[in-house]
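Shown below: run_8.txt, with compact mmCIF, C-alpha atoms.
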```
# COMPACT_ATOMS: atom_id res chain seq x y z
CA MET A 15 174.49 53.32 71.24
CA GLN A 16 173.42 56.75 72.36
CA PRO A 17 176.33 58.20 74.32
CA ASN A 18 175.49 59.06 77.90
CA SER A 19 177.60 60.77 80.54
CA VAL A 20 179.74 62.31 77.84
CA PHE A 21 181.17 65.73 78.56
CA VAL A 22 182.22 68.23 75.94
CA GLU A 23 185.48 69.53 77.40
CA ASN A 24 188.05 72.19 76.60
CA LEU A 25 185.79 74.15 74.28
CA GLU A 26 187.60 76.91 72.48
CA THR A 27 185.58 80.09 72.79
CA PRO A 28 183.90 81.78 71.12
CA CYS A 29 181.87 78.96 69.68
CA TYR A 30 178.15 78.28 69.36
CA ALA A 31 175.66 76.13 71.24
CA VAL A 32 172.25 74.86 70.22
CA ILE A 33 170.24 74.27 73.40
CA PHE A 34 167.32 71.95 72.66
CA SER A 35 164.89 71.11 75.46
CA SER A 36 161.97 68.78 74.87
CA LEU A 37 159.21 66.76 76.42
CA ARG A 38 158.74 63.38 74.75
CA THR A 39 155.46 61.78 73.84
CA GLU A 40 154.66 58.25 75.06
CA GLY A 41 156.20 55.29 73.23
CA ASP A 42 159.44 54.98 71.31
CA ASN A 43 158.19 55.20 67.69
CA ASP A 44 161.77 54.83 66.38
CA TYR A 45 162.91 57.74 68.48
CA ALA A 46 165.93 56.09 70.10
CA ALA A 47 167.35 54.71 66.85
CA THR A 48 166.86 58.04 65.08
CA ALA A 49 168.42 60.00 67.94
CA ASP A 50 171.49 57.73 67.78
CA ARG A 51 171.67 58.14 64.01
CA MET A 52 171.37 61.93 64.28
CA GLN A 53 174.19 62.05 66.83
CA GLU A 54 176.40 59.95 64.52
CA LEU A 55 175.53 62.11 61.55
CA ALA A 56 176.04 65.41 63.38
CA ALA A 57 179.52 64.26 64.36
CA THR A 58 180.47 64.04 60.66
CA MET A 59 179.46 67.65 59.95
CA PRO A 60 182.08 70.40 59.51
CA GLY A 61 182.32 72.58 62.60
CA TYR A 62 180.84 70.00 64.97
CA LEU A 63 182.48 70.24 68.41
CA GLY A 64 180.44 67.81 70.51
CA ILE A 65 177.12 67.05 72.12
CA GLU A 66 175.77 66.52 75.62
CA SER A 67 172.38 65.06 76.41
CA ALA A 68 170.32 64.18 79.50
CA ARG A 69 166.73 63.03 79.86
CA GLY A 70 164.90 62.27 83.10
CA GLY A 71 162.33 59.60 83.77
CA ASP A 72 159.60 62.23 83.35
CA GLY A 73 160.41 62.54 79.63
CA PHE A 74 161.90 66.02 79.89
CA GLY A 75 165.33 66.27 78.29
CA ILE A 76 168.01 68.75 77.32
CA THR A 77 170.49 68.27 74.48
CA VAL A 78 173.21 70.82 73.82
CA SER A 79 175.31 70.57 70.67
CA TYR A 80 178.39 72.72 70.16
CA TRP A 81 179.58 74.17 66.85
CA ARG A 82 182.46 76.26 65.55
CA ASP A 83 180.21 78.92 64.00
CA GLU A 84 176.68 79.72 62.92
CA ALA A 85 177.30 78.50 59.36
CA SER A 86 177.97 75.00 60.74
CA ILE A 87 174.66 75.09 62.61
CA ALA A 88 172.80 76.23 59.51
CA ALA A 89 174.33 73.44 57.40
CA TRP A 90 173.36 70.81 59.96
CA ARG A 91 169.84 72.18 60.20
CA ARG A 92 169.46 71.85 56.42
CA HIS A 93 170.94 68.33 56.17
CA ALA A 94 168.34 66.26 54.29
CA GLU A 95 168.21 63.35 56.75
CA HIS A 96 168.08 65.77 59.67
CA VAL A 97 165.23 67.71 58.07
CA VAL A 98 163.20 64.49 57.89
CA ALA A 99 163.95 63.78 61.56
CA GLN A 100 162.98 67.34 62.55
CA GLU A 101 159.61 66.94 60.87
CA ARG A 102 159.04 63.61 62.55
CA GLY A 103 159.97 65.21 65.87
CA LYS A 104 157.27 67.83 65.43
CA ARG A 105 154.64 65.30 64.41
CA VAL A 106 155.47 62.29 66.57
CA TRP A 107 158.18 62.49 69.20
CA TYR A 108 157.80 65.78 71.04
CA GLN A 109 154.87 67.20 72.93
CA HIS A 110 156.79 70.43 73.23
CA TYR A 111 160.27 71.70 72.49
CA GLU A 112 162.29 74.88 72.77
CA VAL A 113 165.42 75.75 70.81
CA ARG A 114 168.00 78.45 71.50
CA VAL A 115 171.08 79.34 69.52
CA ALA A 116 173.74 80.91 71.71
CA ARG A 117 177.29 82.18 71.39
CA VAL A 118 179.50 80.58 74.04
CA GLU A 119 181.68 83.29 75.54
CA ARG A 120 183.46 81.35 78.30
CA ALA A 121 183.82 77.71 79.28
CA TRP A 122 185.52 75.93 82.15
CA GLY A 123 185.28 72.66 84.00
CA ARG A 124 186.52 70.51 86.83
CA PRO A 125 188.52 68.34 86.78
CA ALA A 126 190.11 70.73 84.29
CA GLY A 127 191.66 69.58 81.06
CA VAL A 128 191.20 65.84 81.64
CA MET B 11 159.83 70.68 95.10
CA GLN B 12 162.38 70.70 92.30
CA PRO B 13 160.47 71.68 89.16
CA ASN B 14 160.60 69.08 86.40
CA SER B 15 159.35 69.29 82.84
CA VAL B 16 159.38 73.05 83.04
CA PHE B 17 160.16 74.94 79.88
CA VAL B 18 161.53 78.44 79.71
CA GLU B 19 159.43 79.96 76.93
CA ASN B 20 159.27 83.19 74.97
CA LEU B 21 162.79 84.30 75.90
CA GLU B 22 163.54 87.81 74.77
CA THR B 23 166.86 87.82 72.98
CA PRO B 24 169.58 88.69 73.43
CA CYS B 25 169.86 87.22 76.90
CA TYR B 26 172.37 84.93 78.60
CA ALA B 27 172.48 81.24 79.44
CA VAL B 28 174.60 79.34 81.94
CA ILE B 29 174.90 75.76 80.71
CA PHE B 30 175.94 73.50 83.58
CA SER B 31 176.52 69.81 82.87
CA SER B 32 177.52 67.46 85.66
CA LEU B 33 178.00 63.90 86.71
CA ARG B 34 176.82 63.24 90.26
CA THR B 35 178.61 61.20 92.88
CA GLU B 36 176.79 58.33 94.62
CA GLY B 37 174.36 59.16 97.42
CA ASP B 38 172.28 62.22 98.06
CA ASN B 39 174.33 64.00 100.76
CA ASP B 40 171.77 66.85 100.93
CA TYR B 41 172.04 67.40 97.20
CA ALA B 42 168.32 67.36 96.36
CA ALA B 43 167.33 69.77 99.13
CA THR B 44 170.17 72.14 98.25
CA ALA B 45 169.33 72.02 94.54
CA ASP B 46 165.73 72.93 95.33
CA ARG B 47 166.87 75.75 97.59
CA MET B 48 169.26 77.09 94.94
CA GLN B 49 166.47 77.10 92.33
CA GLU B 50 164.21 79.01 94.72
CA LEU B 51 166.96 81.46 95.54
CA ALA B 52 168.01 82.00 91.92
CA ALA B 53 164.42 82.88 91.07
CA THR B 54 164.60 85.82 93.50
CA MET B 55 167.67 87.32 91.84
CA PRO B 56 167.45 90.37 89.57
CA GLY B 57 167.70 89.43 85.92
CA TYR B 58 166.64 85.79 86.43
CA LEU B 59 164.59 84.55 83.46
CA GLY B 60 164.13 80.86 84.22
CA ILE B 61 165.78 77.47 84.54
CA GLU B 62 165.52 74.07 82.86
CA SER B 63 167.01 70.89 84.24
CA ALA B 64 167.21 67.22 83.28
CA ARG B 65 169.15 64.33 84.79
CA GLY B 66 169.18 60.75 83.58
CA GLY B 67 169.38 57.58 85.64
CA ASP B 68 173.11 57.42 84.91
CA GLY B 69 173.71 60.55 87.03
CA PHE B 70 174.56 62.80 84.09
CA GLY B 71 172.55 66.02 84.07
CA ILE B 72 172.26 69.35 82.33
CA THR B 73 170.87 72.51 83.93
CA VAL B 74 170.50 75.70 81.92
CA SER B 75 169.63 78.95 83.66
CA TYR B 76 168.69 82.07 81.71
CA TRP B 77 169.54 85.63 82.69
CA ARG B 78 168.95 89.13 81.40
CA ASP B 79 172.64 90.04 81.29
CA GLU B 80 176.10 89.06 82.45
CA ALA B 81 175.88 91.26 85.54
CA SER B 82 172.93 89.17 86.76
CA ILE B 83 174.98 86.01 86.33
CA ALA B 84 177.92 87.51 88.20
CA ALA B 85 175.70 88.58 91.10
CA TRP B 86 174.17 85.10 91.39
CA ARG B 87 177.59 83.49 91.27
CA ARG B 88 178.71 85.67 94.19
CA HIS B 89 175.57 85.15 96.33
CA ALA B 90 176.84 83.95 99.72
CA GLU B 91 174.55 80.92 100.03
CA HIS B 92 175.27 79.95 96.43
CA VAL B 93 179.02 80.23 97.02
CA VAL B 94 178.72 77.71 99.86
CA ALA B 95 176.71 75.37 97.60
CA GLN B 96 179.27 75.71 94.79
CA GLU B 97 182.05 74.68 97.15
CA ARG B 98 180.07 71.70 98.39
CA GLY B 99 179.40 70.75 94.78
CA LYS B 100 183.11 70.62 94.07
CA ARG B 101 183.91 68.64 97.20
CA VAL B 102 180.89 66.32 97.52
CA TRP B 103 178.23 66.23 94.81
CA TYR B 104 179.97 66.24 91.45
CA GLN B 105 182.52 63.87 90.00
CA HIS B 106 182.89 66.22 87.09
CA TYR B 107 181.20 69.35 85.79
CA GLU B 108 181.47 71.77 82.91
CA VAL B 109 180.15 75.33 82.81
CA ARG B 110 179.58 77.58 79.80
CA VAL B 111 178.33 81.14 79.72
CA ALA B 112 176.63 81.94 76.43
CA ARG B 113 174.76 84.80 74.81
CA VAL B 114 171.43 83.61 73.46
CA GLU B 115 170.96 85.08 69.99
CA ARG B 116 167.69 83.43 68.92
CA ALA B 117 165.02 81.35 70.61
CA TRP B 118 161.89 79.63 69.36
CA GLY B 119 159.63 76.77 70.37
CA ARG B 120 156.64 74.65 69.54
CA PRO B 121 153.83 74.91 70.50
CA ALA B 122 154.74 78.59 70.15
CA GLY B 123 153.78 81.19 72.70
CA VAL B 124 151.72 78.88 74.91
```
As structure tokens - that is how I would like this structure written.
Amino acid sequence: MQPNSVFVENLETPCYAVIFSSLRTEGDNDYAATADRMQELAATMPGYLGIESARGGDGFGITVSYWRDEASIAAWRRHAEHVVAQERGKRVWYQHYEVRVARVERAWGRPAGV
Amino acid sequence: MQPNSVFVENLETPCYAVIFSSLRTEGDNDYAATADRMQELAATMPGYLGIESARGGDGFGITVSYWRDEASIAAWRRHAEHVVAQERGKRVWYQHYEVRVARVERAWGRPAGV
């Protein structure tokens, strides 16, 4: 039950974003189930503000997760189950990925405040 | 010729990211051609560092553009042809969108430095 078309709205700034872009390998290899589990797990972490994700038919995807502060990001990165998934990502699921940690200075949307 | 599966690599930090997530309306209505044109045009702007974009079959997409500084972002936002496209986006192409401007503090990837 991976959430699609879900917006993270009304972010209070400053906050932090982890921008993860990736190109998948061929085949599922438990990717979809693990991605769902990671999204569920992330949502239980202190400082979690939300996640948005999109992947095209070419296998290139972008996931952005939002966090209250850098300490929340560090704790999630060290979560034991997440560490296992990260290793599997490097070995199995991703041909290539890029990660950026960024401080969100301003946020707005339309329709606003829905 | 909208670039797909293109990574922005080896970002020098700090830099800035504009994270644009959107849900498209039905129908093309010149969207694809305009999106291509905007990517071409953005790449000519001072301070442009690159762009990544993914959209799923459900119409939800994320585009992240990277810039040297906030002044570069402001200049791109005010570019006359881009202003027209932004207005059309609000009226025609997007059911909903969210924008965040963020300062990229750290960036890494794998394979590294390819």
Q: Using only C-alpha atoms, select each residue of chain B with any atom at most 7 Å away from an atom of chain A, and give the selection as a list in words.
A: Ser15, Leu33, Ala64, Arg65, Gly66, Gly67, Phe70, Gly71, Ile72, His106, Tyr107, Glu108, Val109, Arg110, Val111, Ala112, Arg113, Val114, Glu115, Arg116, Ala117, Trp118, Gly119, Arg120 and Pro121 of chain B
Rotate and translate chain A onto chain B via least squares on all in-order Cα pairs, then write the result as a PDB file with C-alpha atoms, in the frame of the given file.
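The result, written out as result_0.pdb:
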```pdb
ATOM      1  CA  MET A  15     159.882  70.417  95.104  1.00  0.00           C
ATOM      2  CA  GLN A  16     162.412  70.556  92.322  1.00  0.00           C
ATOM      3  CA  PRO A  17     160.523  71.599  89.198  1.00  0.00           C
ATOM      4  CA  ASN A  18     160.684  69.075  86.394  1.00  0.00           C
ATOM      5  CA  SER A  19     159.369  69.303  82.850  1.00  0.00           C
ATOM      6  CA  VAL A  20     159.398  73.070  83.076  1.00  0.00           C
ATOM      7  CA  PHE A  21     160.137  74.950  79.886  1.00  0.00           C
ATOM      8  CA  VAL A  22     161.538  78.447  79.712  1.00  0.00           C
ATOM      9  CA  GLU A  23     159.432  79.967  76.936  1.00  0.00           C
ATOM     10  CA  ASN A  24     159.275  83.206  74.986  1.00  0.00           C
ATOM     11  CA  LEU A  25     162.785  84.305  75.882  1.00  0.00           C
ATOM     12  CA  GLU A  26     163.538  87.814  74.760  1.00  0.00           C
ATOM     13  CA  THR A  27     166.864  87.826  72.964  1.00  0.00           C
ATOM     14  CA  PRO A  28     169.596  88.710  73.436  1.00  0.00           C
ATOM     15  CA  CYS A  29     169.865  87.227  76.882  1.00  0.00           C
ATOM     16  CA  TYR A  30     172.372  84.943  78.585  1.00  0.00           C
ATOM     17  CA  ALA A  31     172.474  81.251  79.428  1.00  0.00           C
ATOM     18  CA  VAL A  32     174.590  79.359  81.923  1.00  0.00           C
ATOM     19  CA  ILE A  33     174.891  75.768  80.692  1.00  0.00           C
ATOM     20  CA  PHE A  34     175.938  73.511  83.567  1.00  0.00           C
ATOM     21  CA  SER A  35     176.515  69.816  82.881  1.00  0.00           C
ATOM     22  CA  SER A  36     177.515  67.453  85.659  1.00  0.00           C
ATOM     23  CA  LEU A  37     177.989  63.881  86.716  1.00  0.00           C
ATOM     24  CA  ARG A  38     176.807  63.225  90.267  1.00  0.00           C
ATOM     25  CA  THR A  39     178.599  61.190  92.872  1.00  0.00           C
ATOM     26  CA  GLU A  40     176.785  58.326  94.632  1.00  0.00           C
ATOM     27  CA  GLY A  41     174.371  59.152  97.455  1.00  0.00           C
ATOM     28  CA  ASP A  42     172.258  62.220  98.088  1.00  0.00           C
ATOM     29  CA  ASN A  43     174.331  64.018 100.769  1.00  0.00           C
ATOM     30  CA  ASP A  44     171.757  66.849 100.930  1.00  0.00           C
ATOM     31  CA  TYR A  45     172.035  67.402  97.216  1.00  0.00           C
ATOM     32  CA  ALA A  46     168.324  67.361  96.382  1.00  0.00           C
ATOM     33  CA  ALA A  47     167.325  69.775  99.150  1.00  0.00           C
ATOM     34  CA  THR A  48     170.151  72.158  98.258  1.00  0.00           C
ATOM     35  CA  ALA A  49     169.340  72.025  94.546  1.00  0.00           C
ATOM     36  CA  ASP A  50     165.714  72.936  95.337  1.00  0.00           C
ATOM     37  CA  ARG A  51     166.856  75.764  97.599  1.00  0.00           C
ATOM     38  CA  MET A  52     169.249  77.090  94.945  1.00  0.00           C
ATOM     39  CA  GLN A  53     166.480  77.091  92.337  1.00  0.00           C
ATOM     40  CA  GLU A  54     164.198  79.018  94.726  1.00  0.00           C
ATOM     41  CA  LEU A  55     166.951  81.465  95.550  1.00  0.00           C
ATOM     42  CA  ALA A  56     168.011  82.001  91.933  1.00  0.00           C
ATOM     43  CA  ALA A  57     164.423  82.885  91.075  1.00  0.00           C
ATOM     44  CA  THR A  58     164.589  85.840  93.500  1.00  0.00           C
ATOM     45  CA  MET A  59     167.684  87.327  91.836  1.00  0.00           C
ATOM     46  CA  PRO A  60     167.443  90.393  89.564  1.00  0.00           C
ATOM     47  CA  GLY A  61     167.699  89.424  85.910  1.00  0.00           C
ATOM     48  CA  TYR A  62     166.646  85.806  86.429  1.00  0.00           C
ATOM     49  CA  LEU A  63     164.598  84.565  83.454  1.00  0.00           C
ATOM     50  CA  GLY A  64     164.132  80.865  84.211  1.00  0.00           C
ATOM     51  CA  ILE A  65     165.759  77.483  84.533  1.00  0.00           C
ATOM     52  CA  GLU A  66     165.507  74.093  82.861  1.00  0.00           C
ATOM     53  CA  SER A  67     166.998  70.910  84.236  1.00  0.00           C
ATOM     54  CA  ALA A  68     167.191  67.221  83.276  1.00  0.00           C
ATOM     55  CA  ARG A  69     169.136  64.347  84.793  1.00  0.00           C
ATOM     56  CA  GLY A  70     169.184  60.746  83.585  1.00  0.00           C
ATOM     57  CA  GLY A  71     169.371  57.590  85.631  1.00  0.00           C
ATOM     58  CA  ASP A  72     173.111  57.430  84.902  1.00  0.00           C
ATOM     59  CA  GLY A  73     173.703  60.552  87.023  1.00  0.00           C
ATOM     60  CA  PHE A  74     174.558  62.804  84.091  1.00  0.00           C
ATOM     61  CA  GLY A  75     172.544  66.018  84.075  1.00  0.00           C
ATOM     62  CA  ILE A  76     172.243  69.357  82.333  1.00  0.00           C
ATOM     63  CA  THR A  77     170.859  72.521  83.921  1.00  0.00           C
ATOM     64  CA  VAL A  78     170.485  75.705  81.907  1.00  0.00           C
ATOM     65  CA  SER A  79     169.610  78.956  83.658  1.00  0.00           C
ATOM     66  CA  TYR A  80     168.685  82.074  81.712  1.00  0.00           C
ATOM     67  CA  TRP A  81     169.549  85.651  82.679  1.00  0.00           C
ATOM     68  CA  ARG A  82     168.957  89.156  81.370  1.00  0.00           C
ATOM     69  CA  ASP A  83     172.661  90.054  81.264  1.00  0.00           C
ATOM     70  CA  GLU A  84     176.108  89.053  82.440  1.00  0.00           C
ATOM     71  CA  ALA A  85     175.896  91.274  85.533  1.00  0.00           C
ATOM     72  CA  SER A  86     172.940  89.184  86.757  1.00  0.00           C
ATOM     73  CA  ILE A  87     174.990  86.010  86.326  1.00  0.00           C
ATOM     74  CA  ALA A  88     177.926  87.506  88.199  1.00  0.00           C
ATOM     75  CA  ALA A  89     175.697  88.590  91.103  1.00  0.00           C
ATOM     76  CA  TRP A  90     174.175  85.123  91.384  1.00  0.00           C
ATOM     77  CA  ARG A  91     177.588  83.492  91.268  1.00  0.00           C
ATOM     78  CA  ARG A  92     178.720  85.667  94.189  1.00  0.00           C
ATOM     79  CA  HIS A  93     175.586  85.144  96.321  1.00  0.00           C
ATOM     80  CA  ALA A  94     176.852  83.954  99.722  1.00  0.00           C
ATOM     81  CA  GLU A  95     174.555  80.926 100.028  1.00  0.00           C
ATOM     82  CA  HIS A  96     175.281  79.959  96.431  1.00  0.00           C
ATOM     83  CA  VAL A  97     179.028  80.216  97.009  1.00  0.00           C
ATOM     84  CA  VAL A  98     178.715  77.707  99.860  1.00  0.00           C
ATOM     85  CA  ALA A  99     176.718  75.363  97.612  1.00  0.00           C
ATOM     86  CA  GLN A 100     179.285  75.706  94.804  1.00  0.00           C
ATOM     87  CA  GLU A 101     182.066  74.670  97.156  1.00  0.00           C
ATOM     88  CA  ARG A 102     180.069  71.721  98.401  1.00  0.00           C
ATOM     89  CA  GLY A 103     179.397  70.746  94.790  1.00  0.00           C
ATOM     90  CA  LYS A 104     183.114  70.613  94.073  1.00  0.00           C
ATOM     91  CA  ARG A 105     183.894  68.621  97.201  1.00  0.00           C
ATOM     92  CA  VAL A 106     180.892  66.318  97.515  1.00  0.00           C
ATOM     93  CA  TRP A 107     178.231  66.236  94.829  1.00  0.00           C
ATOM     94  CA  TYR A 108     179.958  66.236  91.456  1.00  0.00           C
ATOM     95  CA  GLN A 109     182.500  63.864  90.011  1.00  0.00           C
ATOM     96  CA  HIS A 110     182.870  66.232  87.102  1.00  0.00           C
ATOM     97  CA  TYR A 111     181.185  69.351  85.796  1.00  0.00           C
ATOM     98  CA  GLU A 112     181.455  71.769  82.906  1.00  0.00           C
ATOM     99  CA  VAL A 113     180.134  75.324  82.803  1.00  0.00           C
ATOM    100  CA  ARG A 114     179.583  77.584  79.800  1.00  0.00           C
ATOM    101  CA  VAL A 115     178.317  81.132  79.711  1.00  0.00           C
ATOM    102  CA  ALA A 116     176.625  81.926  76.418  1.00  0.00           C
ATOM    103  CA  ARG A 117     174.771  84.803  74.804  1.00  0.00           C
ATOM    104  CA  VAL A 118     171.421  83.612  73.453  1.00  0.00           C
ATOM    105  CA  GLU A 119     170.957  85.094  69.998  1.00  0.00           C
ATOM    106  CA  ARG A 120     167.702  83.424  68.919  1.00  0.00           C
ATOM    107  CA  ALA A 121     165.008  81.358  70.597  1.00  0.00           C
ATOM    108  CA  TRP A 122     161.878  79.637  69.357  1.00  0.00           C
ATOM    109  CA  GLY A 123     159.619  76.796  70.355  1.00  0.00           C
ATOM    110  CA  ARG A 124     156.630  74.666  69.518  1.00  0.00           C
ATOM    111  CA  PRO A 125     153.845  74.916  70.462  1.00  0.00           C
ATOM    112  CA  ALA A 126     154.736  78.594  70.123  1.00  0.00           C
ATOM    113  CA  GLY A 127     153.769  81.174  72.686  1.00  0.00           C
ATOM    114  CA  VAL A 128     151.748  78.848  74.933  1.00  0.00           C
TER     115      VAL A 128
END
```
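Candidate residues A:Ala85, A:Val98, A:Ser79, A:Gly103 were compared for distance to Ala56 in chain A, and the nearest is A:Ser79, using all atoms listed in the file.
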Q. So what do you get for CA of Arg91 in chain A versus CA of Asp79 in chain B, distance-wise?
A.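 Distance between the two atoms: 27.8 Å.
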Q.
What's the separation between CA of Asp40 in chain B and CA of Tyr58 in chain B, in Å to one decimal place?
A.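 Interatomic distance, CA of Asp40 in chain B to CA of Tyr58 in chain B: 24.4 Å.
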**Q.** Separation of CA of Met59 in chain A from CA of Ile87 in chain A, in Å and rounded to one decimal
**A.** 9.2 Å
Coordinates of box centre and edge lengths for range 75-91 of chain B, 8 Å on every side, axis-aligned, as AutoDock Vina command-line options:
```
--center_x 173.7 --center_y 85.1 --center_z 90.7 --size_x 26.0 --size_y 28.3 --size_z 34.7
```
(Q) Counting all atoms listed in the file, I want the residues whose atoms come within 12 Å of (158.4, 56.3, 69.9) in the file frame, returned as a list in words. (A)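 Residues found, by chain and rising number: Arg38, Thr39, Glu40, Gly41, Asp42, Asn43, Asp44, Tyr45, Ala46, Ala47, Thr48, Ala49, Gly73, Arg102, Gly103, Arg105, Val106, Trp107, Tyr108 and Gln109 of chain A.
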(Q) At a cut-off of 8 Å, using only C-alpha atoms, what residues contact Ser86 in chain A? Leave out same-chain residues fewer than 2 positions from it and give the result as a PyMOL selection string. (A) chain A and resi 59-62+81-84+88-90
Any chance you could export range 55-76 of chain A with N, CA and C atoms, as a compact mmCIF listing (two decimals), in the first residue's frame?
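As written to disk, result.txt reads:
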```
# COMPACT_ATOMS: atom_id res chain seq x y z
N LEU A 55 7.46 2.65 8.58
CA LEU A 55 8.39 2.77 9.70
C LEU A 55 8.84 4.23 9.88
N ALA A 56 9.18 4.88 8.79
CA ALA A 56 9.62 6.28 8.86
C ALA A 56 8.56 7.14 9.54
N ALA A 57 7.30 6.84 9.24
CA ALA A 57 6.20 7.64 9.78
C ALA A 57 6.07 7.51 11.29
N THR A 58 6.70 6.50 11.89
CA THR A 58 6.67 6.33 13.34
C THR A 58 7.83 7.04 14.03
N MET A 59 8.75 7.59 13.25
CA MET A 59 9.97 8.17 13.84
C MET A 59 9.70 9.59 14.34
N PRO A 60 10.32 9.97 15.46
CA PRO A 60 10.19 11.35 15.95
C PRO A 60 10.71 12.34 14.91
N GLY A 61 9.99 13.41 14.70
CA GLY A 61 10.43 14.45 13.77
C GLY A 61 10.04 14.21 12.33
N TYR A 62 9.38 13.10 12.05
CA TYR A 62 8.92 12.82 10.68
C TYR A 62 7.78 13.78 10.32
N LEU A 63 7.86 14.40 9.15
CA LEU A 63 6.82 15.34 8.74
C LEU A 63 6.04 14.87 7.52
N GLY A 64 6.60 13.93 6.76
CA GLY A 64 5.86 13.43 5.59
C GLY A 64 6.81 13.01 4.49
N ILE A 65 6.23 12.38 3.46
CA ILE A 65 7.04 11.88 2.37
C ILE A 65 6.26 12.01 1.05
N GLU A 66 6.99 12.33 0.00
CA GLU A 66 6.41 12.34 -1.35
C GLU A 66 7.31 11.49 -2.24
N SER A 67 6.70 10.80 -3.19
CA SER A 67 7.45 9.87 -4.02
C SER A 67 6.84 9.75 -5.40
N ALA A 68 7.68 9.71 -6.43
CA ALA A 68 7.21 9.52 -7.80
C ALA A 68 8.26 8.72 -8.55
N ARG A 69 7.80 7.76 -9.35
CA ARG A 69 8.72 7.00 -10.19
C ARG A 69 8.08 6.78 -11.55
N GLY A 70 8.85 7.08 -12.60
CA GLY A 70 8.35 6.93 -13.96
C GLY A 70 8.55 5.52 -14.48
N GLY A 71 7.98 5.25 -15.61
CA GLY A 71 8.07 3.94 -16.23
C GLY A 71 9.49 3.56 -16.63
N ASP A 72 10.38 4.56 -16.69
CA ASP A 72 11.78 4.30 -17.04
C ASP A 72 12.62 3.87 -15.84
N GLY A 73 11.98 3.78 -14.64
CA GLY A 73 12.70 3.31 -13.46
C GLY A 73 13.40 4.40 -12.68
N PHE A 74 13.31 5.64 -13.17
CA PHE A 74 13.92 6.76 -12.45
C PHE A 74 12.90 7.35 -11.49
N GLY A 75 13.28 7.49 -10.23
CA GLY A 75 12.34 7.99 -9.24
C GLY A 75 12.96 9.00 -8.30
N ILE A 76 12.09 9.80 -7.69
CA ILE A 76 12.52 10.77 -6.68
C ILE A 76 11.61 10.59 -5.46
```
